[in-house]
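S.K.: There's a structure below that I have some questions on.
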Amino acid sequence: MKRIASYILIGLCSFLLQEAAAQAVYKQTVPPLANEKWWGGLVGIAHQMPYASETSWEDLSRNNYNNQVVPLMVSSEGRYIWSEQPFRYRFSGDTLYIQSEYERPEVVQAGSTLREAYLAASKAHFPPSGQIPEEIFFSKPQYNTWIELMYNQNQPDIMNYAKQVLVNGFPTGVFMVDDSWTKYYGNFEFKPERFSDPKAMIDTLHQNGFKLMVWVCPFVSPDSPEFRELDAKGFLLKKKDGEAAIIHWWNGFSACYDLTNPEAARFLKDKLREAQQRYGIDGFKFDAGDVMYMQGDYAYFDPAANANTFSQRWAELGLEFPYNELRTSFKLGGEALVQRLGDKDYSWNAVQMLIPGMTTAGLLGHAYTCPDMIGGGQFSSFLGVTPANIDQELIVRSCQIHALMPMMQFSVAPWRILDEKHLAICRDMAHLHERMGTYILQLAKQAARTGEPIVRSMEYAFPHAGFLDCKDQFMLGDRYLVAPMVTPGTSRRVRLPEGTWRDDTGKRWRGPKEITLDVPLERLPYFERQ
C-alpha cells in the first residue's frame, strides 16, 4: 500500500508540475478571417507557405530547418504577429495557435493586405538600417568552391576554378573558399600543406577581378592551442558545471565561442581582422549558428540568453564585415546581411522551393538573399556526376531562376558538368544578371530605405487578385514579373495581373490574363510592366 501511495504521490506531483508549466506558457489563439492565409517563422519551410489549414507544431527555439528564424507571422488580410523571443505554432482548422515561454504575442491589424502587414511589422520591429552589403553582390555572380573541392580546399584547385571562370567567359565576382581551408576549427591560418602561398593566391584573384571570402564557424577544435587559450579567458560556451561544452554538429564534436559574451565576440572579431590583414581576405561566409545544434543545457555568459540569442549574436558579428554571408540567423530583418537559402539537393523538387524560399525570406525582412547554389548545395548530389549522367536541363533552369534574383551563386562548376550548348545558356544567364545589376542595386538601396523586399510574391504585389497560392512566378521589384521554368519541359502557363506587360521577346500582353508560353531551353520568360 505504501508503494501504491508513493506512486500516487509521485504521479500527483508530476501532474501538478505539468499543470504549473502549462499555466506558465503564454498562449494565443488566432481565429481566421475570411480567405486569410499566413506566412512566417521559418524560411526553411517556405515551400509549405501559405500554411495549410492543418499543420504540425513548429518550434522556433529547436529547429531552424537549415535557414533563418524570425518570430514573425504575416497574413494576406493585413494582420501580423511579432515576438522578441521564439515561440511554437501550428494551424488547426485554419486557426493559428501560438505558445511562448516568454511573452504573449499580440495580433496587430495593420491593414488589409500582405504588403501592409509586412511593412507595418518592419517599421515597428525591424526597421531598415539604411545600409546594404557590398554592391558587387547585386551585380556579379558568386563562385563557391564547396561542391567542387568539399573538404579538400587547396591552392592549385582554387586557382584552376577561378581560371575556368575566365576561360569560359563568365563574369568575375565574389569568390568563396569554403570549409577546411584552416588548420582546424578556431584557427584562421591556411593549411600550409595545401596552400603554398595563400597571400599570393589572393593577390592573383584580386588582380583577376575577384573579391575573396572564406568560410568560418563559431566552433573550436578541442585540445588545440586556441581551445586552451579561449578556455583560460572564459570565452567558450560552458555547461552548468562550468566546464567547456562540447557540441555535436555536422562536422563532429567541438567547443564553441560564447558569443553572448561581448569580450568573446570582440576577441573573435579581432582574430578575423588579423586574418584579413595577413592574407588580404575581403570577408567571410559565417556558417553554422543553427539553433538545432545548440540544444544543450548551457550556462551562457548572458544568463537571459538561449539558443536563439546565440544565433543572433553570431549573425551580428557578420555586420562587422561588409563582405558577409549567413545561412541562418535569428531576427535581424532590415540589416545589411547577405542571407542564403539552405543547401538543397539536386532535384526538380528543390528547384520548385527556390521562389517560395526567396519570397518568404523577403517577407521576414531579409531582402539581401541568395537562392542556394545553382543546381543545389548538397555535395553528395554531385558525387560522380558527368555530362553524360546529369540532368543538364535542371542545371540550366536553376541558373535561370538565379539570374533575376538579387544574387546568384555557382558552386558545381558548370563547365565540368555541362556540354557546350547548356554551358552557353548558363553563361548568358550570368551576363543577364550582370546587365540587370543596376536595377537590382536600385532595389537593394530602396530596401535599405523602406524595408520593401527585392523579390516579392505575387500576392504581395497584387493582393486579393487570385495569387495566394502562386509559387512559380514572382516580381523583381515592381517592374518585372519573372516566370521561369520550375518543371521539366518547354511550355508553361503564366498568370498576368492587370495592366500592360512586354515580355522578353518584345511582345505586349494585356492583363489580367492567363497565357501559355513556349519556353525553349534557352528562354527565361519575364515581363516588364509598361
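Letters A, B, ... mark the chains of the C-alpha cells in the order given; residue numbers begin at 1 per chain; ligand numbers begin at 1, in order shown.
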Which residues are close to Val25 in chain A, i.e. within 8 Å by only C-alpha atoms, leaving aside same-chain residues fewer than 4 positions away? Reply as a PDB file with N, CA and C atoms, in the first residue's frame.
M.R.:
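Dumped to result08.pdb:
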ATOM      1  N   ALA A  21       3.608  24.170 -15.354  1.00  0.00           N
ATOM      2  CA  ALA A  21       4.337  24.531 -16.569  1.00  0.00           C
ATOM      3  C   ALA A  21       3.385  25.006 -17.649  1.00  0.00           C
ATOM      4  N   GLN A  99       2.191  29.301 -28.746  1.00  0.00           N
ATOM      5  CA  GLN A  99       2.601  29.162 -27.354  1.00  0.00           C
ATOM      6  C   GLN A  99       4.000  29.746 -27.197  1.00  0.00           C
ATOM      7  N   SER A 100       4.239  30.405 -26.072  1.00  0.00           N
ATOM      8  CA  SER A 100       5.542  31.004 -25.804  1.00  0.00           C
ATOM      9  C   SER A 100       5.899  30.854 -24.339  1.00  0.00           C
ATOM     10  N   GLU A 101       7.173  30.642 -24.079  1.00  0.00           N
ATOM     11  CA  GLU A 101       7.671  30.604 -22.707  1.00  0.00           C
ATOM     12  C   GLU A 101       8.010  32.006 -22.204  1.00  0.00           C
ATOM     13  N   TYR A 102       7.940  32.996 -23.075  1.00  0.00           N
ATOM     14  CA  TYR A 102       8.489  34.310 -22.750  1.00  0.00           C
ATOM     15  C   TYR A 102       7.451  35.418 -22.666  1.00  0.00           C
TER      16      TYR A 102
END
S.K.: Compile the contact shell of Asn306 in chain A as number ranges by chain: residues with an atom at most 10 Å away, counting only C-alpha atoms, same-chain residues fewer than 5 positions apart removed.
M.R.: A: 61, 85-86, 260, 291, 294-300, 311-312
S.K.: So that I can check the secondary structure, give me every residue of range 20-64 of chain A assigned helix (DSSP H, G or I) by backbone DSSP, as an MDAnalysis selection string.
M.R.: chainID A and resid 20:24 43:48
S.K.: Those residues you just picked out, can you put them in a file as a short mmCIF file (atom, residue, chain, number, x, y, z; two decimals), in the first residue's frame with N, CA and C atoms?
M.R.:
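Final file, part.cif:
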data_model
loop_
_atom_site.label_atom_id
_atom_site.label_comp_id
_atom_site.auth_asym_id
_atom_site.auth_seq_id
_atom_site.Cartn_x
_atom_site.Cartn_y
_atom_site.Cartn_z
N ALA A 20 1.50 23.38 -13.73
CA ALA A 20 2.16 24.65 -13.47
C ALA A 20 2.91 25.13 -14.70
N ALA A 21 3.61 24.17 -15.35
CA ALA A 21 4.34 24.53 -16.57
C ALA A 21 3.39 25.01 -17.65
N ALA A 22 2.26 24.29 -17.78
CA ALA A 22 1.29 24.67 -18.81
C ALA A 22 0.73 26.06 -18.55
N GLN A 23 0.48 26.36 -17.27
CA GLN A 23 -0.05 27.67 -16.93
C GLN A 23 0.99 28.78 -17.15
N ALA A 24 2.28 28.41 -17.08
CA ALA A 24 3.32 29.42 -17.27
C ALA A 24 3.53 29.76 -18.73
N VAL A 43 12.15 30.29 -42.70
CA VAL A 43 12.42 30.34 -44.14
C VAL A 43 12.58 28.93 -44.71
N GLY A 44 13.13 28.02 -43.89
CA GLY A 44 13.43 26.67 -44.38
C GLY A 44 12.21 25.84 -44.76
N ILE A 45 11.01 26.25 -44.36
CA ILE A 45 9.80 25.52 -44.78
C ILE A 45 8.89 26.43 -45.60
N ALA A 46 9.50 27.38 -46.28
CA ALA A 46 8.73 28.35 -47.07
C ALA A 46 7.86 27.68 -48.13
N HIS A 47 8.30 26.52 -48.63
CA HIS A 47 7.52 25.84 -49.66
C HIS A 47 6.17 25.36 -49.13
N GLN A 48 6.01 25.34 -47.79
CA GLN A 48 4.73 24.97 -47.19
C GLN A 48 3.81 26.18 -47.00
#
S.K.: Any idea what's packed within 12 Å of Arg449 in chain A, counting only C-alpha atoms, ignoring anything in its chain fewer than 5 positions away? Could you give it as JSON, numbers by chain?
M.R.: {"A": [119, 122, 123, 127, 128, 129, 130, 131, 132, 334, 335, 336, 367, 442, 443, 444]}
S.K.: With C-alpha atoms retained, could you export that selection as a tab-separated table (two decimals), in the first residue's frame?
M.R.:
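Produced file result-v9.tsv, reproduced below:
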chain	number	residue	atom	x	y	z
A	119	LEU	CA	5.60	46.95	-43.90
A	122	SER	CA	9.06	46.07	-40.43
A	123	LYS	CA	8.55	49.67	-39.32
A	127	PRO	CA	13.23	48.95	-39.47
A	128	PRO	CA	15.69	49.05	-42.38
A	129	SER	CA	19.18	50.06	-41.33
A	130	GLY	CA	19.88	52.30	-44.31
A	131	GLN	CA	22.86	50.11	-45.21
A	132	ILE	CA	23.32	47.40	-47.83
A	334	GLY	CA	16.47	45.02	-42.28
A	335	GLU	CA	20.17	44.59	-41.58
A	336	ALA	CA	22.94	44.65	-44.21
A	367	ALA	CA	15.86	41.41	-48.66
A	442	GLN	CA	18.47	50.22	-57.01
A	443	LEU	CA	16.07	47.76	-55.36
A	444	ALA	CA	18.64	46.95	-52.67
S.K.: Please provide the set of residues having any atom within 7 Å of range 419-435 of chain A, restricted to only C-alpha atoms, with same-chain residues fewer than 5 positions apart removed, written as a VMD selection string.
M.R.: chain A and resid 139 to 141 170 to 171 387 392 396 399 to 400 403 to 404 414 522
S.K.: Would you mind telling me which residue in A:Val70, A:Cys256, A:Leu476, A:Val107 lies nearest to Pro32 in chain A when using only C-alpha atoms?
M.R.: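 Of A:Val70, A:Cys256, A:Leu476, A:Val107, the one nearest Pro32 in chain A is A:Val107, counting only C-alpha atoms.
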S.K.: Could you find all residues in range 327-430 of chain A that DSSP calls strand (DSSP E or B) from the backbone, and write them as a PyMOL selection string?
M.R.: chain A and resi 330+339-340+369-370+409-410
S.K.: When distances are computed from only C-alpha atoms, which of A:Leu524, A:Ile98, A:Ile390, A:Val177 shows the smallest separation from His402 in chain A?
M.R.: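 Of A:Leu524, A:Ile98, A:Ile390, A:Val177, the one nearest His402 in chain A is A:Leu524, counting only C-alpha atoms.
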S.K.: Write out as a PyMOL selection string the residues lying within 12 Å of Leu332 in chain A, counting only C-alpha atoms and excluding same-chain residues fewer than 5 positions away.
M.R.: chain A and resi 68-72+84+122+125-129+308-309+311-319+326+337-339+361+364-368
S.K.: Using only C-alpha atoms, which residues of range 203-224 of chain A come within 12 Å of range 153-158 of chain A, and what is the closest atom pair for each, with the distance in Å to one decimal? Give it as CSV, sorted by chain and residue number.
M.R.:
residue,atom,partner,partner_atom,distance
A:Thr204,CA,A:Ile158,CA,11.3
A:Leu205,CA,A:Ile158,CA,9.6
A:Leu212,CA,A:Ile158,CA,11.2
A:Val214,CA,A:Gln153,CA,10.7
A:Trp215,CA,A:Gln153,CA,10.8
S.K.: Please, could you write that set of residues out with C-alpha atoms as an mmCIF file, in the first residue's frame?
M.R.:
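Below is the file again-v3.cif, written as the result:
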data_model
loop_
_atom_site.group_PDB
_atom_site.id
_atom_site.type_symbol
_atom_site.label_atom_id
_atom_site.label_comp_id
_atom_site.auth_asym_id
_atom_site.auth_seq_id
_atom_site.Cartn_x
_atom_site.Cartn_y
_atom_site.Cartn_z
ATOM 1 C CA THR A 204 46.210 36.972 -58.029
ATOM 2 C CA LEU A 205 42.458 36.549 -57.541
ATOM 3 C CA LEU A 212 37.749 36.758 -51.854
ATOM 4 C CA VAL A 214 36.472 32.442 -46.734
ATOM 5 C CA TRP A 215 34.299 30.129 -44.636
#
S.K.: Using only C-alpha atoms, which of the listed residues (A:Met475, A:Ile515, A:Leu236, A:Leu149) sits closest to Arg492 in chain A?
M.R.: A:Ile515
S.K.: Can you work out which one of A:Trp415, A:Tyr526, A:Tyr439, A:Phe227 has the shortest atom-to-atom distance to Val167 in chain A, counting only C-alpha atoms?
M.R.: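 Of A:Trp415, A:Tyr526, A:Tyr439, A:Phe227, the one nearest Val167 in chain A is A:Trp415, counting only C-alpha atoms.
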S.K.: Taking into account only C-alpha atoms, which residue in the set A:Leu114, A:Pro303, A:Pro133, A:Leu341 is nearest to Glu320 in chain A?
M.R.: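 Of all the options, A:Pro133 lies closest to Glu320 in chain A.
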